[in-house]
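Colleague: What follows is a structure written as structure tokens; I'll ask about it next.
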Amino acid sequence: MWIDTHCHLAHGRLLLEVAAVLVRARAAGVGAFVCAAGDLDESRAALGLAHRHGDVYATAGVHPHDAASAPPDLDRRLRELAGDAKNIAVGEIGLDYHYDFSPRPAQQQAFAAQLDLAVRLGKPVVVHTREAWADTMAILRDSRVDGTRVIFHSFTEPPEHTADALDFGATISFSGIVTFAKSTALHETARLVPTGRLLIETDAPYLSPEPVRKQKTNEPAHVAHVGQFLAALRNVPAEEFARQTTETARRVFGV
């Protein structure tokens, strides 16, 4: 059994056919889904899906792209969503300096505030970081968050940053990007992550993996391709790698 630890089932490209998407994923051996969110509306929709499907769990958070438009009462609204029993993490949150859709001070403030909320709720955090590694780690270290409750989603950082993340205690999740032939540095990174500190995801509807990379809309069934690629890369039987990553997901997310 695989667990897709990060998929946007509430995204418009998946939501309208979510029942069929879940059926296809279960047929591909996916036993649970973490429905990620990047703003309040998606967080609310993700929680709704989690309550309608027993094998779906939700996260709640505001992505750095949307940090500047976060409402003044963000903490209260997120607390109501993230405090639900079917919500298992605060996220995805973090910093994105590649696009800078929100000013960096706004991103940093929203990130720190949501880390504080996660600590108060006792929830793990799902972190998005892009071209912002130093500031991401500085804010994490300045927070009260336990490093073992941090998941770096769709990790694409170089090996030296991997060491930072692992020293902090974090868990690292790989998406379809790791299956790309040109992702040679990421292949090296994926070999470095110890068993028990590695997760797999699709980030659906984005980042379709090989061998379905040309498929515009990714979906959770394809997490099996990510898992099988990493199992081969790490010279572990696929069944054993599925067991390892599933146990890690259950432990980190507390499900």
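In the structure tokens, the first chain shown is A, the next is B, and so on; residue numbers restart at 1 for each chain, and ligands run from 1 in the order shown.
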Within 9 Å of Leu22 of chain A, counting only C-alpha atoms, which residues qualify if same-chain residues fewer than 5 places away don't, as a list in words?
Modeller: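 The filter keeps Glu17, Ala27, Val30, Phe33, Glu219, Pro220 and Ala221 of chain A.
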Colleague: Leaving out segment 51-60 of chain A and any residue of its chain fewer than 6 positions from it, which residues lie within 7 Å of it when counting only C-alpha atoms, given as a PyMOL selection string?
Modeller: chain A and resi 31-37+43+78+81-82+86-91
Colleague: Suppose you want the space between atom CA of Thr148 of chain A and atom CA of Thr171 of chain A; what is it in Å?
Modeller: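 Answer for the atom CA of Thr148 of chain A to atom CA of Thr171 of chain A separation: 7.0 Å.
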Colleague: Of the candidates A:Arg213, A:Met137, A:Ala50, A:Val226, which shows the shortest atom-to-atom distance to Ser173 of chain A, using only C-alpha atoms?
Modeller: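 Using only C-alpha atoms, the shortest distance to Ser173 of chain A belongs to A:Val226.
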Colleague: Within 9 Å of segment 190-196 of chain A, which residues of segment 125-166 of chain A come that close, and what is the closest atom pair and distance in Å for each? Count only C-alpha atoms and give it as CSV.
Modeller:
```
residue,atom,partner,partner_atom,distance
A:Pro159,CA,A:Leu192,CA,7.7
A:Thr162,CA,A:Val193,CA,7.8
A:Ala163,CA,A:Leu192,CA,8.6
A:Leu166,CA,A:Val193,CA,7.8
```
Colleague: Considering only C-alpha atoms, return as a PDB file with C-alpha atoms, in the first residue's frame whatever protein or nucleic-acid residues lie within 12 Å of Phe155 of chain A, sequence-local ones (same chain, fewer than 5 positions apart) excluded.
Modeller:
```
ATOM      1  CA  HIS A   6       0.434  15.542  -0.675  1.00  0.00           C
ATOM      2  CA  VAL A 126       4.005  20.810   5.674  1.00  0.00           C
ATOM      3  CA  VAL A 127       6.616  23.215   4.316  1.00  0.00           C
ATOM      4  CA  HIS A 128       6.976  24.637   0.818  1.00  0.00           C
ATOM      5  CA  THR A 129      10.339  26.266   0.129  1.00  0.00           C
ATOM      6  CA  ARG A 130      11.723  27.508  -3.180  1.00  0.00           C
ATOM      7  CA  GLU A 131      14.882  29.563  -3.580  1.00  0.00           C
ATOM      8  CA  TRP A 133      16.403  27.936   1.987  1.00  0.00           C
ATOM      9  CA  HIS A 161      20.482  21.444   2.177  1.00  0.00           C
ATOM     10  CA  THR A 162      19.305  17.894   2.722  1.00  0.00           C
ATOM     11  CA  ALA A 165      16.868  19.372   6.953  1.00  0.00           C
ATOM     12  CA  ALA A 170      12.644  16.895   9.406  1.00  0.00           C
ATOM     13  CA  THR A 171      11.075  14.375   7.048  1.00  0.00           C
ATOM     14  CA  ILE A 172      11.585  14.788   3.298  1.00  0.00           C
ATOM     15  CA  SER A 173       8.914  14.097   0.689  1.00  0.00           C
ATOM     16  CA  PHE A 174       9.619  13.509  -2.990  1.00  0.00           C
ATOM     17  CA  SER A 175       7.205  14.181  -5.856  1.00  0.00           C
ATOM     18  CA  GLY A 176       7.298  13.213  -9.527  1.00  0.00           C
ATOM     19  CA  ILE A 177      10.219  15.576 -10.108  1.00  0.00           C
ATOM     20  CA  VAL A 178      12.533  12.911  -8.713  1.00  0.00           C
ATOM     21  CA  SER A 183      17.041  15.374 -11.904  1.00  0.00           C
ATOM     22  CA  ALA A 185      21.245  15.979  -8.212  1.00  0.00           C
ATOM     23  CA  LEU A 186      17.871  15.096  -6.731  1.00  0.00           C
ATOM     24  CA  HIS A 187      18.613  11.405  -7.302  1.00  0.00           C
ATOM     25  CA  THR A 189      19.617  13.606  -2.533  1.00  0.00           C
ATOM     26  CA  ALA A 190      17.069  10.789  -2.515  1.00  0.00           C
ATOM     27  CA  VAL A 193      17.641  10.308   3.093  1.00  0.00           C
ATOM     28  CA  LEU A 198      11.318   9.762   3.512  1.00  0.00           C
ATOM     29  CA  LEU A 199       7.810  10.195   2.112  1.00  0.00           C
ATOM     30  CA  ILE A 200       6.313  10.107  -1.379  1.00  0.00           C
ATOM     31  CA  GLU A 201       3.673  12.332  -2.956  1.00  0.00           C
ATOM     32  CA  THR A 202       2.189  13.431  -6.257  1.00  0.00           C
ATOM     33  CA  ASP A 203       1.406  17.117  -5.624  1.00  0.00           C
TER      34      ASP A 203
END
```
Colleague: Between A:Leu140, A:Val212, A:Met1, A:Leu47, which is the closest to Ala25 of chain A once you count only C-alpha atoms?
Modeller: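 Using only C-alpha atoms, the shortest distance to Ala25 of chain A belongs to A:Met1.
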Colleague: Apply DSSP to the backbone of this structure and, from segment 18-220 of chain A, keep only the residues in helix (DSSP H, G or I); write these as a PyMOL selection string.
Modeller: chain A and resi 18-27+40-52+64-69+74-82+104-121+133-142+147-149+159-168+176-179+184-192+220
Colleague: Can you pull out the residues contacting segment 99-110 of chain A? Cut-off 10 Å, using only C-alpha atoms, and skip same-chain residues under 3 positions away; I want them as a PyMOL selection string.
Modeller: chain A and resi 61-70+74-75+93-96+113-116+130-132+135-136+139
Colleague: Could you pull out the strand (DSSP E or B) residues of segment 132-186 of chain A, going by DSSP on the backbone, and write them as a PyMOL selection string?
Modeller: chain A and resi 150-152+171-174
Colleague: Quick one: pull the distance between atom CA of Glu42 of chain A and atom CA of Asp142 of chain A, Å, one decimal.
Modeller: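 Atom CA of Glu42 of chain A sits 28.1 Å away from atom CA of Asp142 of chain A.
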Colleague: Select, from A:Phe168, A:Arg76, A:Asp84, A:Arg197, the residue with the minimum atom-to-atom distance to Glu247 of chain A, counting only C-alpha atoms.
Modeller: A:Arg197
